[in-house]
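> my_file31.txt is reproduced below (compact mmCIF, C-alpha atoms and all ligand atoms).
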```
# COMPACT_ATOMS: atom_id res chain seq x y z
CA MET A 296 0.00 0.00 0.00
CA ALA A 297 1.14 3.49 -0.71
CA LYS A 298 2.52 5.23 2.34
CA ILE A 299 0.18 8.06 3.22
CA ASN A 300 1.74 11.16 4.67
CA ARG A 301 -0.34 11.76 7.80
CA ARG A 302 -0.51 15.49 7.54
CA ALA A 303 -2.54 17.63 9.81
CA PHE A 304 -4.75 18.61 6.92
CA VAL A 305 -8.14 17.03 7.50
CA LEU A 306 -11.02 17.63 5.15
CA ALA A 307 -13.79 19.40 6.97
CA ASN A 308 -16.44 17.21 5.44
CA ALA A 309 -14.79 14.05 6.70
CA ILE A 310 -16.86 14.49 9.84
CA GLY A 311 -19.68 13.25 7.69
CA LEU A 312 -18.04 9.81 7.52
CA THR A 313 -21.01 8.18 9.24
CA ALA A 314 -23.61 9.73 6.96
CA PRO A 315 -25.72 7.12 5.15
CA PRO A 316 -25.15 7.06 1.38
CA ARG A 317 -27.75 8.71 -0.82
CA ARG A 318 -28.82 6.26 -3.49
CA SER A 319 -29.70 7.46 -6.94
CA PHE A 320 -32.94 6.39 -8.52
CA GLY A 321 -32.70 3.07 -10.28
CA ARG A 322 -29.42 1.95 -8.77
CA ALA A 323 -29.16 -1.79 -8.25
CA PRO A 324 -28.43 -3.14 -4.76
CA ALA A 325 -24.77 -3.30 -3.90
CA VAL A 326 -22.40 -5.75 -2.26
CA LEU A 327 -21.88 -4.12 1.11
CA ARG A 328 -18.99 -4.32 3.54
CA GLN A 329 -18.50 -2.32 6.70
CA SER A 330 -15.58 -0.33 8.11
CA VAL A 331 -13.82 0.74 4.94
CA LYS A 332 -12.47 4.26 4.78
CA PRO A 333 -13.17 6.17 1.58
CA ILE A 334 -10.22 6.70 -0.76
CA VAL A 335 -9.92 8.27 -4.18
CA ILE A 336 -6.94 7.50 -6.43
CA SER A 337 -6.26 9.05 -9.83
CA SER A 338 -3.65 9.98 -12.36
CA ALA A 339 -1.63 13.04 -11.35
CA ASN A 340 -3.82 15.45 -13.33
CA GLY A 341 -6.55 14.57 -10.81
CA HIS A 342 -4.71 16.79 -8.34
CA ARG A 343 -3.31 19.37 -10.75
CA PHE A 344 -6.27 21.01 -12.45
CA ARG A 345 -9.09 23.05 -10.88
CA ASN A 346 -10.77 24.61 -13.94
CA GLY A 347 -10.73 27.96 -12.18
CA GLY A 348 -12.37 26.55 -9.05
CA THR A 349 -10.98 25.66 -5.65
CA GLN A 350 -10.97 21.87 -5.73
CA THR A 351 -9.20 19.22 -7.76
CA CYS A 352 -10.80 16.02 -9.01
CA VAL A 353 -9.69 13.85 -6.08
CA GLU A 354 -10.70 16.47 -3.50
CA LEU A 355 -14.18 16.94 -4.92
CA ALA A 356 -14.79 13.21 -5.42
CA PHE A 357 -13.61 12.44 -1.88
CA ARG A 358 -15.79 15.16 -0.34
CA ARG A 359 -18.83 13.94 -2.23
CA ILE A 360 -18.20 10.35 -1.15
CA VAL A 361 -17.97 11.28 2.53
CA ASP A 362 -21.06 13.46 2.08
CA GLY A 363 -22.91 10.30 1.08
CA ASP A 364 -23.26 10.88 -2.65
CA ASP A 365 -23.42 7.97 -5.02
CA LEU A 366 -19.85 6.73 -5.55
CA LEU A 367 -19.78 6.82 -9.34
CA ASP A 368 -21.53 10.21 -9.42
CA ALA A 369 -18.80 11.52 -7.10
CA LEU A 370 -15.95 10.20 -9.27
CA ILE A 371 -17.52 11.52 -12.46
CA ALA A 372 -18.05 14.95 -10.87
CA GLY A 373 -14.32 14.84 -10.09
CA VAL A 374 -13.12 14.00 -13.59
CA ASN A 375 -15.53 16.59 -15.03
CA ILE A 376 -13.22 19.26 -13.54
CA VAL A 377 -10.36 17.97 -15.67
CA GLU A 378 -12.50 17.35 -18.76
CA LEU A 379 -13.76 20.94 -18.65
CA ASP A 380 -10.39 22.54 -17.90
CA PRO A 381 -8.87 23.79 -21.17
CA GLU A 382 -5.43 23.66 -19.55
CA ASP A 383 -5.37 19.86 -19.50
CA ALA A 384 -4.56 19.03 -23.11
CA SER A 385 -5.20 15.32 -22.78
CA VAL A 386 -8.81 15.16 -21.65
CA GLY A 387 -12.17 16.58 -22.78
CA TYR A 388 -12.39 20.22 -23.90
CA GLY A 389 -9.06 21.33 -25.36
CA GLY A 390 -7.79 17.75 -25.61
CA ARG A 391 -5.25 17.11 -28.33
CA PRO A 392 -7.06 16.53 -31.62
CA ASN A 393 -6.69 13.69 -34.10
CA ALA A 394 -4.79 13.85 -37.39
CA ASP A 395 -7.64 15.80 -39.00
CA GLY A 396 -7.61 18.38 -36.23
CA VAL A 397 -10.82 17.06 -34.64
CA VAL A 398 -11.06 16.37 -30.90
CA GLN A 399 -12.45 12.84 -30.50
CA LEU A 400 -13.01 11.62 -26.97
CA ASP A 401 -13.13 8.18 -25.31
CA ALA A 402 -14.51 7.38 -21.85
CA CYS A 403 -15.71 4.49 -19.75
CA CYS A 404 -17.14 4.03 -16.27
CA MET A 405 -17.91 0.99 -14.15
CA GLU A 406 -19.58 0.17 -10.84
CA GLY A 407 -17.85 -2.70 -9.07
CA SER A 408 -20.83 -3.85 -7.07
CA THR A 409 -23.52 -3.93 -9.74
CA HIS A 410 -21.01 -4.70 -12.52
CA ARG A 411 -22.71 -2.14 -14.70
CA ALA A 412 -20.59 -0.16 -17.10
CA GLY A 413 -20.90 2.29 -19.96
CA GLY A 414 -18.58 3.66 -22.58
CA VAL A 415 -18.28 6.02 -25.52
CA ALA A 416 -15.57 6.17 -28.16
CA ALA A 417 -14.58 8.65 -30.85
CA LEU A 418 -17.24 11.00 -29.51
CA GLU A 419 -17.12 14.55 -30.90
CA GLY A 420 -18.64 17.74 -29.54
CA VAL A 421 -19.34 16.88 -25.88
CA ARG A 422 -16.95 18.27 -23.30
CA THR A 423 -17.75 15.64 -20.68
CA PRO A 424 -17.65 12.20 -22.33
CA SER A 425 -17.57 10.52 -18.91
CA LYS A 426 -21.14 11.72 -18.35
CA VAL A 427 -22.25 10.31 -21.68
CA ALA A 428 -20.57 7.00 -20.76
CA GLN A 429 -22.55 7.02 -17.51
CA ALA A 430 -25.74 7.74 -19.46
CA VAL A 431 -25.03 4.73 -21.69
CA MET A 432 -24.71 2.67 -18.51
CA LEU A 433 -27.87 4.06 -16.92
CA HIS A 434 -30.21 4.37 -19.87
CA THR A 435 -29.34 1.62 -22.34
CA ASP A 436 -28.94 -2.12 -22.51
CA HIS A 437 -25.55 -1.62 -24.16
CA HIS A 438 -22.03 -0.92 -23.05
CA LEU A 439 -20.34 1.03 -25.82
CA LEU A 440 -21.56 3.64 -28.31
CA VAL A 441 -19.19 5.14 -30.85
CA GLY A 442 -18.79 8.06 -33.22
CA SER A 443 -21.83 9.82 -34.62
CA GLY A 444 -24.16 7.32 -32.93
CA ALA A 445 -22.71 8.21 -29.56
CA GLN A 446 -23.14 11.89 -30.40
CA ASN A 447 -26.77 11.38 -31.47
CA PHE A 448 -27.43 9.53 -28.22
CA ALA A 449 -25.89 12.40 -26.25
CA ARG A 450 -27.97 14.94 -28.18
CA GLN A 451 -31.15 12.96 -27.49
CA LEU A 452 -30.35 12.98 -23.79
CA GLY A 453 -29.92 16.73 -23.75
CA PHE A 454 -26.13 17.07 -23.82
CA ASN A 455 -24.87 20.25 -25.42
CA ILE A 456 -23.17 19.37 -28.74
CA GLU A 457 -20.48 21.81 -29.85
CA ALA A 458 -19.06 22.13 -33.33
CA ASP A 459 -15.44 22.12 -32.16
CA LEU A 460 -13.79 21.23 -28.84
CA ASN A 461 -10.43 22.70 -29.82
CA THR A 462 -8.94 25.57 -27.91
CA ASP A 463 -6.41 27.95 -29.44
CA ARG A 464 -3.71 25.89 -27.78
CA SER A 465 -4.84 22.47 -29.02
CA ARG A 466 -5.32 23.86 -32.55
CA ARG A 467 -1.86 25.40 -32.49
CA LEU A 468 -0.33 22.09 -31.36
CA TRP A 469 -2.12 20.26 -34.16
CA LEU A 470 -0.99 22.74 -36.80
CA GLU A 471 2.59 22.35 -35.62
CA TRP A 472 2.33 18.57 -35.73
CA LYS A 473 0.78 18.69 -39.20
CA ARG A 474 3.50 20.96 -40.54
CA ARG A 475 6.27 18.69 -39.33
CA THR A 476 4.93 15.19 -39.54
CA ASP A 477 2.18 14.57 -42.03
CA PRO A 478 4.35 12.73 -44.58
CA ASN A 479 5.35 10.19 -41.97
CA HIS A 480 2.10 9.74 -40.13
CA TYR A 481 1.27 6.27 -41.32
CA LEU A 482 3.71 3.48 -40.34
CA ASP A 483 6.32 2.46 -42.84
CA PRO A 484 6.42 -1.39 -42.71
CA ASN A 485 10.20 -1.27 -43.14
CA ARG A 486 10.69 1.12 -40.26
CA THR A 487 12.11 -0.41 -37.09
CA VAL A 488 11.83 2.57 -34.77
CA ALA A 489 8.34 3.81 -33.95
CA GLN A 490 8.96 6.69 -31.59
CA SER A 491 9.45 9.48 -34.01
CA GLN A 492 12.04 12.06 -33.19
CA VAL A 493 9.56 14.70 -34.21
CA ASP A 494 6.99 13.55 -31.67
CA SER A 495 9.49 13.75 -28.83
CA GLU A 496 10.78 17.13 -30.00
CA LEU A 497 7.26 18.49 -30.19
CA LEU A 498 6.38 17.18 -26.76
CA ALA A 499 9.54 18.66 -25.29
CA GLU A 500 8.93 22.04 -26.92
CA THR A 501 5.23 22.46 -26.34
CA LEU A 502 4.13 20.59 -23.26
CA SER A 503 4.39 22.40 -19.98
CA ASP A 504 4.29 19.21 -18.00
CA THR A 505 5.86 15.85 -18.80
CA ASP A 506 2.83 13.97 -17.38
CA GLU A 507 0.81 15.48 -20.22
CA ALA A 508 2.65 13.20 -22.60
CA TYR A 509 0.80 10.34 -20.95
CA GLY A 510 -2.58 12.09 -21.05
CA THR A 511 -5.92 10.82 -19.82
CA ILE A 512 -7.46 10.78 -16.37
CA ASN A 513 -8.36 7.60 -14.56
CA CYS A 514 -10.06 7.97 -11.17
CA ASN A 515 -11.12 5.13 -8.87
CA GLY A 516 -12.73 5.20 -5.45
CA ILE A 517 -14.05 3.17 -2.57
CA ASP A 518 -16.89 4.30 -0.32
CA LEU A 519 -17.92 3.59 3.25
CA GLN A 520 -19.79 0.48 2.23
CA GLY A 521 -16.72 -0.95 0.51
CA GLN A 522 -18.17 -0.41 -2.94
CA LEU A 523 -15.69 0.32 -5.70
CA ALA A 524 -16.14 2.27 -8.92
CA GLY A 525 -13.97 3.88 -11.56
CA VAL A 526 -13.92 6.16 -14.58
CA THR A 527 -11.39 6.80 -17.34
CA THR A 528 -11.71 9.69 -19.80
CA THR A 529 -9.36 10.96 -22.50
CA SER A 530 -8.82 12.67 -25.81
CA GLY A 531 -6.64 9.64 -26.58
CA LEU A 532 -3.39 9.54 -28.42
CA ALA A 533 -2.42 12.91 -29.84
CA TRP A 534 -2.72 13.19 -33.62
CA LYS A 535 -4.24 9.71 -33.89
CA ILE A 536 -5.73 8.40 -37.12
CA PRO A 537 -9.37 9.58 -37.05
CA SER A 538 -11.65 7.05 -35.34
CA ARG A 539 -8.75 5.33 -33.59
CA VAL A 540 -10.08 4.07 -30.26
CA GLY A 541 -7.65 3.51 -27.41
CA ASP A 542 -7.85 1.51 -24.23
CA SER A 543 -9.77 4.05 -22.15
CA PRO A 544 -13.34 3.11 -23.19
CA ILE A 545 -12.65 -0.63 -23.39
CA LEU A 546 -13.58 -2.64 -20.32
CA GLY A 547 -10.65 -4.65 -19.04
CA ALA A 548 -8.11 -2.44 -20.81
CA GLY A 549 -8.40 1.17 -19.61
CA LEU A 550 -10.64 0.28 -16.66
CA TYR A 551 -12.02 -2.66 -14.74
CA VAL A 552 -13.78 -2.77 -11.39
CA ASP A 553 -15.11 -5.53 -9.16
CA SER A 554 -16.05 -4.64 -5.59
CA GLN A 555 -14.93 -8.09 -4.43
CA ALA A 556 -11.40 -7.56 -5.76
CA GLY A 557 -10.42 -4.07 -6.83
CA ALA A 558 -10.58 -1.12 -9.21
CA VAL A 559 -7.84 -0.57 -11.79
CA GLY A 560 -7.45 1.98 -14.56
CA SER A 561 -4.70 3.10 -16.86
CA THR A 562 -3.01 5.91 -18.73
CA GLY A 563 -0.27 5.66 -21.33
CA ARG A 564 0.10 3.66 -24.54
CA GLY A 565 -3.40 2.28 -25.03
CA GLU A 566 -2.49 -0.29 -27.66
CA ALA A 567 -0.16 -2.10 -25.25
CA ASN A 568 -2.98 -2.23 -22.77
CA LEU A 569 -5.51 -3.42 -25.33
CA TYR A 570 -3.23 -6.28 -26.36
CA ASN A 571 -3.10 -7.48 -22.76
CA LEU A 572 -6.39 -6.35 -21.15
CA THR A 573 -4.18 -5.41 -18.28
CA SER A 574 -6.68 -3.66 -16.01
CA PHE A 575 -8.75 -6.85 -15.93
CA LEU A 576 -5.60 -8.89 -15.38
CA ILE A 577 -4.55 -6.75 -12.43
CA VAL A 578 -8.01 -7.01 -10.86
CA GLU A 579 -7.68 -10.79 -11.13
CA TYR A 580 -4.25 -10.64 -9.48
CA LEU A 581 -5.86 -8.65 -6.65
CA ARG A 582 -8.56 -11.31 -6.36
CA GLN A 583 -5.81 -13.89 -5.90
CA GLY A 584 -4.54 -11.90 -2.93
CA MET A 585 -1.63 -9.97 -4.40
CA SER A 586 -0.98 -6.51 -2.95
CA PRO A 587 -1.93 -3.53 -5.16
CA GLN A 588 1.72 -2.79 -5.89
CA ASP A 589 2.65 -6.39 -6.71
CA ALA A 590 -0.48 -6.87 -8.82
CA GLY A 591 0.19 -3.66 -10.76
CA LEU A 592 3.85 -4.54 -11.37
CA ALA A 593 2.84 -8.04 -12.50
CA GLY A 594 0.47 -6.45 -15.03
CA LEU A 595 3.27 -4.21 -16.32
CA ARG A 596 5.56 -7.24 -16.57
CA ARG A 597 2.97 -8.97 -18.76
CA ILE A 598 3.02 -5.96 -21.10
CA GLN A 599 6.82 -5.99 -21.13
CA GLU A 600 6.94 -9.73 -21.95
CA ASN A 601 4.41 -9.34 -24.76
CA THR A 602 6.12 -6.34 -26.34
CA ARG A 603 8.00 -8.27 -29.01
CA GLU A 604 8.01 -6.00 -32.06
CA PRO A 605 11.40 -4.30 -32.47
CA ARG A 606 9.70 -1.01 -33.38
CA LEU A 607 8.25 -0.96 -29.85
CA GLN A 608 11.53 -1.74 -28.11
CA ASN A 609 14.40 0.50 -27.07
CA SER A 610 18.09 -0.35 -27.43
CA ARG A 611 17.83 -2.59 -24.33
CA GLY A 612 15.00 -4.60 -25.86
CA LEU A 613 12.53 -3.09 -23.39
CA PRO A 614 9.26 -1.25 -24.15
CA ASN A 615 9.92 2.19 -25.61
CA PHE A 616 6.67 3.62 -24.20
CA GLY A 617 5.04 4.41 -20.89
CA VAL A 618 2.01 2.80 -19.28
CA THR A 619 0.71 3.54 -15.79
CA PHE A 620 -1.85 1.79 -13.58
CA TYR A 621 -3.84 3.16 -10.63
CA VAL A 622 -4.69 0.23 -8.38
CA LEU A 623 -7.15 0.11 -5.47
CA ASN A 624 -8.10 -3.12 -3.74
CA ALA A 625 -11.27 -4.07 -1.87
CA ALA A 626 -9.58 -3.38 1.48
CA GLY A 627 -8.94 0.23 0.48
CA GLU A 628 -5.20 -0.21 -0.14
CA CYS A 629 -3.72 1.38 -3.23
CA ALA A 630 -0.67 1.81 -5.44
CA GLY A 631 0.38 3.69 -8.54
CA VAL A 632 2.78 1.79 -10.81
CA SER A 633 4.36 2.64 -14.13
CA MET A 634 6.65 1.06 -16.70
CA TYR A 635 9.32 3.68 -15.97
CA GLY A 636 9.88 6.13 -13.14
CA GLY A 637 11.16 9.66 -13.10
CA SER A 638 11.20 12.61 -10.79
CA ASN A 639 7.95 13.99 -12.16
CA ARG A 640 6.02 10.74 -12.39
CA THR A 641 3.32 10.81 -9.75
CA TYR A 642 -0.26 9.79 -9.01
CA ALA A 643 -2.90 11.48 -6.87
CA LEU A 644 -4.57 10.22 -3.74
CA CYS A 645 -7.19 11.69 -1.42
CA THR A 646 -7.95 10.20 1.98
CA GLU A 647 -9.27 11.59 5.26
CA ASN A 648 -5.81 13.17 5.58
CA GLY A 649 -6.27 15.21 2.44
CA PRO A 650 -4.99 15.11 -1.12
CA GLU A 651 -1.42 14.46 -2.19
CA LEU A 652 0.76 13.50 -5.11
CA LEU A 653 2.86 10.38 -4.56
CA PRO A 654 5.68 8.88 -6.64
CA LEU A 655 4.77 6.05 -8.99
CA GLU A 656 6.51 2.71 -8.42
CA PRO A 657 8.40 1.87 -11.63
CA LEU A 658 8.84 -1.64 -13.08
CA LEU A 659 11.96 -0.79 -15.08
CA ASP A 660 15.03 1.37 -14.53
CA GLY A 661 16.00 4.16 -16.88
CA THR A 662 13.71 5.69 -19.47
CA PRO A 663 11.73 4.41 -22.46
CA ASN A 664 14.36 5.94 -24.76
CA ASP A 665 17.52 4.39 -23.22
N1 LIG B 701 -4.34 5.57 -22.92
C1 LIG B 701 -4.73 6.63 -23.80
C2 LIG B 701 -5.00 6.07 -25.15
O1 LIG B 701 -4.25 5.22 -25.60
C3 LIG B 701 -3.75 7.72 -23.97
C4 LIG B 701 -3.00 8.19 -22.81
O2 LIG B 701 -3.28 7.84 -21.67
O3 LIG B 701 -2.07 8.99 -23.05
O4 LIG B 701 -5.91 6.53 -25.80
```
Kindly present the structure from the file in structure tokens form.

Amino acid sequence: MAKINRRAFVLANAIGLTAPPRRSFGRAPAVLRQSVKPIVISSANGHRFRNGGTQTCVELAFRRIVDGDDLLDALIAGVNIVELDPEDASVGYGGRPNADGVVQLDACCMEGSTHRAGGVAALEGVRTPSKVAQAVMLHTDHHLLVGSGAQNFARQLGFNIEADLNTDRSRRLWLEWKRRTDPNHYLDPNRTVAQSQVDSELLAETLSDTDEAYGTINCNGIDLQGQLAGVTTTSGLAWKIPSRVGDSPILGAGLYVDSQAGAVGSTGRGEANLYNLTSFLIVEYLRQGMSPQDAGLAGLRRIQENTREPRLQNSRGLPNFGVTFYVLNAAGECAGVSMYGGSNRTYALCTENGPELLPLEPLLDGTPND
């Protein structure tokens, strides 16, 4: 379990820890357990962005959980802060667009007790895809809606559809990418190195924060009844081929939750995660009794072992990309693990002691480019 710095900072609303949970209409009965303290874990952007307000994602979600709100509603309210914040260029409004300059968003949510889930992929025009994913879960018999169908569904449910989710910044980044890279966008079958120099140069020159290179927000939580839930939302891989869908909206890849075992979500190279359904795998490792850190590292090891194409390996034969997992087990213990470490590689946590950013536990030494 991650070591929690027991700071004096105590959230005022934590006094409400004994408040009974408010249940939303239509929610199925849950698997209940007593004596679990609420925790919210997320990618680092969950404690970086406030969208002009006073609280970050993990703070708001935690407060709402201790106030007795529905767990998934609380987590989605948290990630909405990041989706709506134009400063986070990897999620929602102002997310990095695809190769055509269009912002296409992926999201997924899951309740671990009812095992209900909803997802949307390649959704255009809605700033908060996580809410549309939740609407798919609540109002349909399906799990995943994509593209224009997902947008029509959102429109029918009253979501505001905008013509363009770009900000000046995301448009400028796209134009720069287009100018430099268009001729090489599609993979050359004879090429052995995938990480283009241009991509890394552009990231280094234009991103204010190295975590932005790994995009996406995943946020998982446990409530007083021991119920688990999670949500992952993203603009996906920058400059992707239009309609490319990553791991974020795919159950088992970018997110998986079971209140008997754990909640796991991911950021980083989605394809690696899709090839291994690693969030599901890590939840199964938790079910077998592994600690969150060991389970997460075992999931990363599976990705490493299955990364066999030379174009995806560095000079040491190791993965030349980053993947991170945010792991919470049914006992309320958690860990953040990533393929590689680094001074700025952190995840966010909020407990009764307040929010904090903690270092990710790396599987491998060095960097993806060594
Ligand atoms: N996992 C996301 C995707 O592949 C991207 C990211 O987290 O950077 O779409």
> Just want the 12 Å neighbourhood of A:Val632, counted on all atoms listed in the file, with same-chain residues fewer than 6 positions away dropped. Output as JSON, numbers by chain.
{"A": [296, 297, 337, 338, 559, 560, 561, 562, 563, 577, 587, 588, 589, 590, 591, 592, 593, 594, 595, 596, 617, 618, 619, 620, 621, 622, 623, 640, 641, 642, 643, 653, 654, 655, 656, 657, 658, 659]}
> Within 7 Å of ligand LIG 701 (chain B), which residues of chain A come that close, and what is the closest atom pair and distance in Å for each? Count only C-alpha atoms and all ligand atoms and give it as a tab-separated table.

```
residue	atom	partner	partner_atom	distance
A:Ala508	CA	B:LIG701	O3	6.3
A:Tyr509	CA	B:LIG701	O3	3.8
A:Gly510	CA	B:LIG701	O3	3.7
A:Thr511	CA	B:LIG701	O2	4.4
A:Thr529	CA	B:LIG701	C1	6.5
A:Ser530	CA	B:LIG701	O4	6.8
A:Gly531	CA	B:LIG701	O4	3.3
A:Leu532	CA	B:LIG701	O4	4.7
A:Val540	CA	B:LIG701	O4	6.6
A:Gly541	CA	B:LIG701	O4	3.8
A:Asp542	CA	B:LIG701	O1	5.3
A:Ser543	CA	B:LIG701	N1	5.7
A:Gly549	CA	B:LIG701	N1	6.8
A:Ser561	CA	B:LIG701	N1	6.6
A:Thr562	CA	B:LIG701	O2	3.5
A:Gly563	CA	B:LIG701	O2	3.7
A:Arg564	CA	B:LIG701	O1	4.7
A:Gly565	CA	B:LIG701	O1	3.1
A:Glu566	CA	B:LIG701	O1	6.1
```
> Which one of A:Ile512, A:Val421, A:Ala394, A:Leu523 sits closest to A:Arg466 if you count all atoms listed in the file?
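That would be A:Ala394, the residue with the smallest distance to A:Arg466.
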> Which centre and which edge lengths, in Å to one decimal, describe the axis-aligned box that holds all listed atoms of stretch 614-620 of chain A after 6 Å is added on each side, as lines of an AutoDock Vina configuration file?

```
center_x = 4.0
center_y = 1.6
center_z = -19.6
size_x = 23.8
size_y = 17.7
size_z = 24.0
```
> Would you please work out which residue, of A:Asn346, A:Thr435, A:Thr528, A:Asn340, is nearest to A:Pro544 when using only C-alpha atoms?
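Smallest distance to A:Pro544 is found for A:Thr528.
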> Compile the contact shell of A:His342 as number ranges by chain: residues with an atom at most 8 Å away, counting only C-alpha atoms, same-chain residues fewer than 4 positions apart removed.
A: 338, 351-354, 643, 650-652
> Smallest atom-to-atom distance to A:Pro381: which of A:Ala369, A:Arg464, A:Gly413, A:Phe357, using only C-alpha atoms?
A:Arg464
> Would you mind telling me which residue in A:Ser554, A:Asn615, A:Asn639, A:Thr662 lies nearest to A:Gly516 when using only C-alpha atoms?
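Among the listed residues, the smallest separation from A:Gly516 belongs to A:Ser554.
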> If I take atom CA of A:Val361 and atom CA of A:Leu519, how far is one from the other in Å, to one decimal?
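It comes out at 7.7 Å.
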> Tell me which of A:Gly525, A:Gly387, A:Gly414, A:Gly584 sits closest to A:Ile545, counting all atoms listed in the file.
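The answer is A:Gly414, which sits nearest to A:Ile545.
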